[in-house]
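Asks: Dropping a structure here in structure tokens format, bear with me for questions.
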Amino acid sequence: MNPVRNKQNIRIITDPVRNYQISHIISNGVNKYKVIILVLFLLGSLNAQMTWTQATTNAGWSARDRHTSVVFDNKMWVMGGFDASGDRRNDVWYSSNGVTWTRATAHAGWSARDVHTSVVFDNKMWVMGGIDGSWRNDVWYSTDGVNWTQATASAGWSARGYHTSVVFDNKMWVLAGFDVSDLRNDVWYSSDGINWTCATANAGWSARELHTSVVFDNKMWVISGIDGNWRNDVWYSSDGINWTCATANAGWSGRCCHTSVVFDNKMWVIGGWDASGRRNDVWYSSDGVNWTQTTANAGWSARTEHTSVVFDNKMWVMGGFDSSPKNDVWYSTGLGIEDNRQTLAANRFSLNAEPNPIRNQTAIHYSLPVDNKVTLSIYDISGKTVKTLVNEHKKPGDYIVKWDGKDKYNHRVTDGIYFYTFETPKQKFTKKLIYTR
């Protein structure tokens, strides 16, 4: 994949709507599915449940993507980005609940920009690099989101965007990205934001951009991105110099423009963009090697260039691009392991499929406590809709819908893992089905 640039040599993020042309071939081995099916069958009826709730459809800040978000002073913050008007922003907003947002400043000290990074370090919020019409390597900080101080106009690392930043070992780190000339795989650190040291000019992982980085298990991690190809590799380091590949091929598809957080003692990969399009799947791992999909279709629309943070014991997804810039805010309390028959009891909904695994036909049972618009659909493991079983308003009550293992074209599906998703305008629940003949 070659970078796309305008006449000013500024890199443009593109996707299928933005005329990015790609091809993708998906192949799945039957033997692989049979192994997965056997393991999951032995686990019985225990399923991983994840529910996403919409905090607001329209936050105070303008719809945008390529922004940054941090948690600071017991608030979530949104900074800069590229909004629906086609302008870069340097406004700063905060919220203590994800619903009500307050503007700290309409024009921060740093120039309006996107594809920058932000961290919290030394009791300050920091903004580093990005694009404001030119590539930047300036570093700024603030203790209140209103007043910003420039630590340096020119950090040691080359001016760049699409990089990542983390805080580790009492230092701020800048990892990879795209500078004015090429993709990078260098790693830099600083204990004051002014003086920067190159840990390595050539990390073990390939030069890349649009990846994510987190700190987990006392290590820094680099996850996925683009190096000319879609990547789904995962790397870690305890010093920034020596890097180890946890896996060259994680369970999720190669992608970029996703987000990653650490929550519930796990690393999470959330949404993004792969060779087939935008994604709204969610995956987790406790070791970086083995990854589990909690949902193929989260409550929020498939999107890229969003932000995610952990706040108030929840994971949050904010803004992004799903064919247009967004300013919605969603949260999840994460993963719960529970018996199918008790699933969603706390929400007064119930959802269950019997039998599961299935050979010929299964009956999906659901209970609806209030009158609502209901959609019930089957998805394959790639997130593609296999068949929509229900799409109408329903009165309160108990319902049974049968699925005969056929897609919307009345073709029998192949053996494998599928998901059934129950959705109302405010909530969305996904559970796993195993189909084997």
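Residue numbering restarts at 1 for every chain of the structure tokens, chains are lettered A, B, ... in their displayed order, and ligands are numbered from 1 as they appear.
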Could you give me, as a CSV table (one decimal) with C-alpha atoms, in the first residue's frame, the residues within 9 Å of region 147-158 of chain A, counting only C-alpha atoms and dropping anything in the same chain fewer than 6 positions from it?
Replies:
```
chain,number,residue,atom,x,y,z
A,105,THR,CA,-10.8,26.1,25.4
A,108,ALA,CA,-5.3,25.7,22.8
A,109,GLY,CA,-1.8,27.1,22.6
A,110,TRP,CA,-0.8,24.4,20.1
A,129,GLY,CA,3.5,15.9,17.1
A,135,TRP,CA,4.5,17.7,10.0
A,136,ARG,CA,5.1,18.6,13.6
A,137,ASN,CA,7.5,17.4,16.4
A,138,ASP,CA,6.5,20.0,19.0
A,139,VAL,CA,5.5,19.0,22.6
A,140,TRP,CA,3.0,20.8,24.8
A,141,TYR,CA,1.6,20.3,28.3
A,174,VAL,CA,7.1,8.0,21.1
A,179,ASP,CA,7.4,11.4,9.1
A,180,VAL,CA,7.9,13.7,6.1
A,186,ASP,CA,12.3,4.2,15.9
A,187,VAL,CA,11.5,4.5,19.6
A,188,TRP,CA,12.2,7.6,21.7
A,192,ASP,CA,10.7,15.9,30.9
A,193,GLY,CA,9.3,16.4,27.3
A,194,ILE,CA,12.2,18.6,26.4
A,195,ASN,CA,15.2,16.2,26.1
A,196,TRP,CA,14.5,13.1,24.0
A,197,THR,CA,16.7,10.0,23.7
A,198,CYS,CA,16.5,7.4,20.9
```
Asks: If we count only C-alpha atoms, what is near Thr164 (chain A) at a cut-off of 12 Å, once residues fewer than 3 positions away on the same chain are taken out, given as an mmCIF file with C-alpha atoms, in the first residue's frame?
Replies:
```cif
data_model
loop_
_atom_site.group_PDB
_atom_site.id
_atom_site.type_symbol
_atom_site.label_atom_id
_atom_site.label_comp_id
_atom_site.auth_asym_id
_atom_site.auth_seq_id
_atom_site.Cartn_x
_atom_site.Cartn_y
_atom_site.Cartn_z
ATOM 1 C CA THR A 68 -6.914 12.181 20.968
ATOM 2 C CA VAL A 115 -3.035 12.469 14.016
ATOM 3 C CA HIS A 116 -1.106 13.704 17.053
ATOM 4 C CA THR A 117 -0.757 11.795 20.340
ATOM 5 C CA SER A 118 -1.635 12.620 23.930
ATOM 6 C CA VAL A 119 -0.654 11.126 27.281
ATOM 7 C CA VAL A 127 0.174 16.797 23.141
ATOM 8 C CA MET A 128 2.914 15.600 20.792
ATOM 9 C CA GLY A 129 3.477 15.887 17.058
ATOM 10 C CA GLY A 130 0.812 15.474 14.386
ATOM 11 C CA ARG A 160 5.599 13.014 12.256
ATOM 12 C CA GLY A 161 2.016 11.844 12.585
ATOM 13 C CA VAL A 167 3.970 6.396 29.595
ATOM 14 C CA MET A 172 7.034 9.385 27.904
ATOM 15 C CA TRP A 173 7.639 7.333 24.773
ATOM 16 C CA VAL A 174 7.078 7.994 21.072
ATOM 17 C CA LEU A 175 6.904 4.951 18.812
ATOM 18 C CA ALA A 176 7.033 4.733 15.005
ATOM 19 C CA GLY A 177 4.654 6.622 12.680
ATOM 20 C CA PHE A 178 5.102 8.412 9.394
ATOM 21 C CA ARG A 184 9.439 4.715 10.941
ATOM 22 C CA ASN A 185 10.178 2.043 13.529
ATOM 23 C CA ASP A 186 12.255 4.152 15.890
ATOM 24 C CA VAL A 187 11.528 4.468 19.612
ATOM 25 C CA TRP A 188 12.211 7.591 21.705
ATOM 26 C CA TYR A 189 11.762 8.519 25.360
ATOM 27 C CA ARG A 208 4.681 1.237 10.423
ATOM 28 C CA GLU A 209 1.909 3.705 11.143
ATOM 29 C CA LEU A 210 -1.704 3.697 12.350
ATOM 30 C CA HIS A 211 -0.839 1.055 14.955
ATOM 31 C CA THR A 212 -1.649 1.133 18.671
ATOM 32 C CA SER A 213 0.505 0.910 21.788
ATOM 33 C CA VAL A 214 -0.330 0.123 25.409
ATOM 34 C CA VAL A 215 1.495 -0.649 28.644
ATOM 35 C CA MET A 220 5.272 -1.740 26.233
ATOM 36 C CA TRP A 221 3.256 -3.318 23.428
ATOM 37 C CA VAL A 222 2.924 -2.473 19.727
ATOM 38 C CA ILE A 223 -0.191 -3.838 18.068
ATOM 39 C CA SER A 224 -0.963 -4.101 14.362
ATOM 40 C CA GLY A 225 -0.894 -1.150 11.896
ATOM 41 C CA CYS A 257 -6.980 2.908 12.687
ATOM 42 C CA HIS A 258 -8.214 0.808 15.626
ATOM 43 C CA THR A 259 -7.880 1.549 19.331
ATOM 44 C CA SER A 260 -6.373 -0.446 22.170
#
```
Asks: Just the residues within 8 Å of Leu389 (chain A), please, counting only C-alpha atoms, with nothing from its chain fewer than 3 positions along; format it as an MDAnalysis selection string.
Replies: chainID A and resid 375:378 401 403
Asks: Fewer than 3 positions away in the same chain doesn't count, so skip those; otherwise give me all residues within 8 Å of Met125 (chain A), counting only C-alpha atoms, as a list in words.
Replies: Val70, Phe72, Ser118, Val119, Val120, Phe121, Tyr141, Ser142, Thr143 and Gly145 of chain A
Asks: Could you write those residues out with C-alpha atoms, as a JSON list (two decimals), in the first residue's frame?
Replies:
```json
[["chain", "number", "residue", "atom", "x", "y", "z"],
["A", 70, "VAL", "CA", -6.99, 10.89, 27.82],
["A", 72, "PHE", "CA", -7.05, 13.28, 33.71],
["A", 118, "SER", "CA", -1.63, 12.62, 23.93],
["A", 119, "VAL", "CA", -0.65, 11.13, 27.28],
["A", 120, "VAL", "CA", -0.90, 11.99, 30.96],
["A", 121, "PHE", "CA", 2.48, 12.30, 32.69],
["A", 141, "TYR", "CA", 1.61, 20.33, 28.26],
["A", 142, "SER", "CA", -1.18, 21.63, 30.48],
["A", 143, "THR", "CA", -2.38, 21.15, 34.04],
["A", 145, "GLY", "CA", -6.64, 21.96, 29.62]]
```
Asks: I'd like the neighbourhood of Asn242 (chain A) as JSON, numbers by chain, where a residue qualifies if any of its atoms comes within 9 Å (using only C-alpha atoms), though same-chain residues fewer than 3 positions away should be ignored.
Replies: {"A": [200, 203, 204, 236, 237, 238, 239]}
Asks: Quick one: residues within 10 Å of Thr421 (chain A), only C-alpha atoms, excluding same-chain residues fewer than 5 positions away - as a VMD selection string?
Replies: chain A and resid 295 to 299 351 375 to 379 388 428 to 432
Asks: Print the selection's residues with C-alpha atoms to a file, as a PDB file, in the first residue's frame.
Replies:
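The resulting file, result_8.pdb, is reproduced below:
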```
ATOM      1  CA  THR A 295     -18.344  -9.478  19.783  1.00  0.00           C
ATOM      2  CA  ALA A 296     -18.255  -9.281  16.006  1.00  0.00           C
ATOM      3  CA  ASN A 297     -20.651  -6.345  16.018  1.00  0.00           C
ATOM      4  CA  ALA A 298     -20.538  -3.924  18.942  1.00  0.00           C
ATOM      5  CA  GLY A 299     -23.359  -1.483  19.610  1.00  0.00           C
ATOM      6  CA  LEU A 351     -31.502 -14.237  25.161  1.00  0.00           C
ATOM      7  CA  THR A 375     -33.443  -6.614  15.205  1.00  0.00           C
ATOM      8  CA  LEU A 376     -32.165 -10.175  15.507  1.00  0.00           C
ATOM      9  CA  SER A 377     -29.451 -11.195  13.043  1.00  0.00           C
ATOM     10  CA  ILE A 378     -26.912 -13.932  12.427  1.00  0.00           C
ATOM     11  CA  TYR A 379     -23.298 -12.961  11.609  1.00  0.00           C
ATOM     12  CA  THR A 388     -31.670 -11.117   9.565  1.00  0.00           C
ATOM     13  CA  LYS A 428     -27.093  -4.524  21.703  1.00  0.00           C
ATOM     14  CA  PHE A 429     -26.231  -8.049  22.832  1.00  0.00           C
ATOM     15  CA  THR A 430     -24.197 -10.654  20.985  1.00  0.00           C
ATOM     16  CA  LYS A 431     -23.782 -14.360  21.736  1.00  0.00           C
ATOM     17  CA  LYS A 432     -22.010 -17.217  20.064  1.00  0.00           C
TER      18      LYS A 432
END
```
Asks: Hey, which of A:Asp227, A:Met50, A:Asp122, A:Asn97 ends up closest to Tyr284 (chain A)? Count only C-alpha atoms.
Replies: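 Answer, going by the shortest atom-to-atom distance: A:Met50.
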Asks: From a DSSP pass on the backbone, collect the residues of region 72-148 of chain A flagged as strand (DSSP E or B) and hand them back as an MDAnalysis selection string.
Replies: chainID A and resid 72 75:83 88:95 102:105 113:114 117:121 124:131 135:142
Asks: Restricting the output to C-alpha atoms, write the selected residues as an mmCIF file, in the first residue's frame.
Replies:
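That gives us out22.cif:
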```
data_model
loop_
_atom_site.group_PDB
_atom_site.id
_atom_site.type_symbol
_atom_site.label_atom_id
_atom_site.label_comp_id
_atom_site.auth_asym_id
_atom_site.auth_seq_id
_atom_site.Cartn_x
_atom_site.Cartn_y
_atom_site.Cartn_z
ATOM 1 C CA PHE A 72 -7.047 13.276 33.713
ATOM 2 C CA LYS A 75 -12.482 13.428 33.669
ATOM 3 C CA MET A 76 -12.314 12.218 30.067
ATOM 4 C CA TRP A 77 -10.774 14.690 27.623
ATOM 5 C CA VAL A 78 -11.057 15.109 23.836
ATOM 6 C CA MET A 79 -8.400 17.161 22.056
ATOM 7 C CA GLY A 80 -8.040 18.375 18.494
ATOM 8 C CA GLY A 81 -8.728 16.256 15.434
ATOM 9 C CA PHE A 82 -10.358 16.644 12.050
ATOM 10 C CA ASP A 83 -14.065 17.502 12.065
ATOM 11 C CA ARG A 88 -8.412 20.636 11.904
ATOM 12 C CA ARG A 89 -9.207 21.586 15.484
ATOM 13 C CA ASN A 90 -7.313 22.691 18.577
ATOM 14 C CA ASP A 91 -10.248 22.778 20.973
ATOM 15 C CA VAL A 92 -10.217 20.858 24.260
ATOM 16 C CA TRP A 93 -13.290 19.308 25.917
ATOM 17 C CA TYR A 94 -13.889 17.334 29.105
ATOM 18 C CA SER A 95 -16.629 15.262 30.752
ATOM 19 C CA THR A 102 -17.633 21.215 28.718
ATOM 20 C CA ARG A 103 -15.260 23.131 26.478
ATOM 21 C CA ALA A 104 -12.066 24.012 28.325
ATOM 22 C CA THR A 105 -10.805 26.096 25.402
ATOM 23 C CA ARG A 113 -3.950 19.498 14.215
ATOM 24 C CA ASP A 114 -4.801 15.855 13.793
ATOM 25 C CA THR A 117 -0.757 11.795 20.340
ATOM 26 C CA SER A 118 -1.635 12.620 23.930
ATOM 27 C CA VAL A 119 -0.654 11.126 27.281
ATOM 28 C CA VAL A 120 -0.898 11.989 30.960
ATOM 29 C CA PHE A 121 2.476 12.304 32.693
ATOM 30 C CA LYS A 124 -0.051 17.067 33.195
ATOM 31 C CA MET A 125 -1.733 16.376 29.857
ATOM 32 C CA TRP A 126 0.651 16.325 26.902
ATOM 33 C CA VAL A 127 0.174 16.797 23.141
ATOM 34 C CA MET A 128 2.914 15.600 20.792
ATOM 35 C CA GLY A 129 3.477 15.887 17.058
ATOM 36 C CA GLY A 130 0.812 15.474 14.386
ATOM 37 C CA ILE A 131 -0.117 17.448 11.287
ATOM 38 C CA TRP A 135 4.491 17.725 9.985
ATOM 39 C CA ARG A 136 5.137 18.604 13.636
ATOM 40 C CA ASN A 137 7.483 17.436 16.385
ATOM 41 C CA ASP A 138 6.547 19.993 19.017
ATOM 42 C CA VAL A 139 5.549 19.000 22.551
ATOM 43 C CA TRP A 140 3.031 20.822 24.755
ATOM 44 C CA TYR A 141 1.612 20.328 28.258
ATOM 45 C CA SER A 142 -1.184 21.631 30.476
#
```
Asks: Just the residues within 6 Å of Glu305 (chain A), please, counting only C-alpha atoms, with nothing from its chain fewer than 5 positions along; format it as JSON, numbers by chain.
Replies: {"A": [65, 66, 257, 320]}
Asks: Save out the residues we just selected, C-alpha atoms, as a compact mmCIF listing (two decimals), in the first residue's frame.
Replies:
```
# COMPACT_ATOMS: atom_id res chain seq x y z
CA ASP A 65 -11.94 11.74 13.89
CA ARG A 66 -8.11 11.63 14.25
CA CYS A 257 -6.98 2.91 12.69
CA GLY A 320 -14.40 8.42 14.73
```
Asks: Select, from A:Phe168, A:Trp61, A:Phe263, A:Trp230, the residue with the minimum atom-to-atom distance to Val309 (chain A), counting only C-alpha atoms.
Replies: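 Residue with the minimum atom-to-atom distance to Val309 (chain A): A:Phe263.
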Asks: Using only C-alpha atoms for the distances, tell me which of A:Glu423, A:Glu392, A:Asp169, A:Asp380 is nearest to Gly405 (chain A).
Replies: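 Result for the nearest residue to Gly405 (chain A): A:Asp380.
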Asks: Just give me the gap between CA of Leu368 (chain A) and CA of Pro396 (chain A) in Å, one decimal is fine.
Replies: 4.9 Å
Asks: Name the closest residue to Asp322 (chain A) among the candidates A:His107, A:Arg359, A:Arg279, A:Arg231; distances are taken between atoms, counting only C-alpha atoms.
Replies: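 Nearest candidate to Asp322 (chain A) out of A:His107, A:Arg359, A:Arg279, A:Arg231: A:Arg279.
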Asks: From the DSSP assignment of the backbone, select every residue of region 263-353 of chain A that is helix (DSSP H, G or I), and format the answer as a PyMOL selection string.
Replies: chain A and resi 340-342+345-347
Asks: Write the residues of the selection above to a file with C-alpha atoms, as a PDB file, in the first residue's frame.
Replies:
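So the final result, stored in out-v4.pdb, reads:
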```pdb
ATOM      1  CA  ASN A 340     -26.724 -18.669  28.914  1.00  0.00           C
ATOM      2  CA  ARG A 341     -29.956 -18.969  30.889  1.00  0.00           C
ATOM      3  CA  GLN A 342     -28.947 -16.067  33.165  1.00  0.00           C
ATOM      4  CA  ALA A 345     -30.978 -10.771  33.595  1.00  0.00           C
ATOM      5  CA  ALA A 346     -29.762  -7.536  35.116  1.00  0.00           C
ATOM      6  CA  ASN A 347     -31.077  -5.719  32.050  1.00  0.00           C
TER       7      ASN A 347
END
```
Asks: To one decimal in Å, tell me the separation between CA of Thr247 (chain A) and CA of Val234 (chain A).
Replies: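 Spanning CA of Thr247 (chain A) to CA of Val234 (chain A) is a straight-line distance of 5.4 Å.
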Asks: A:Met267, A:Ala363, A:Val413, A:Val374: which is nearest Ile400 (chain A), counting only C-alpha atoms?
Replies: A:Ala363
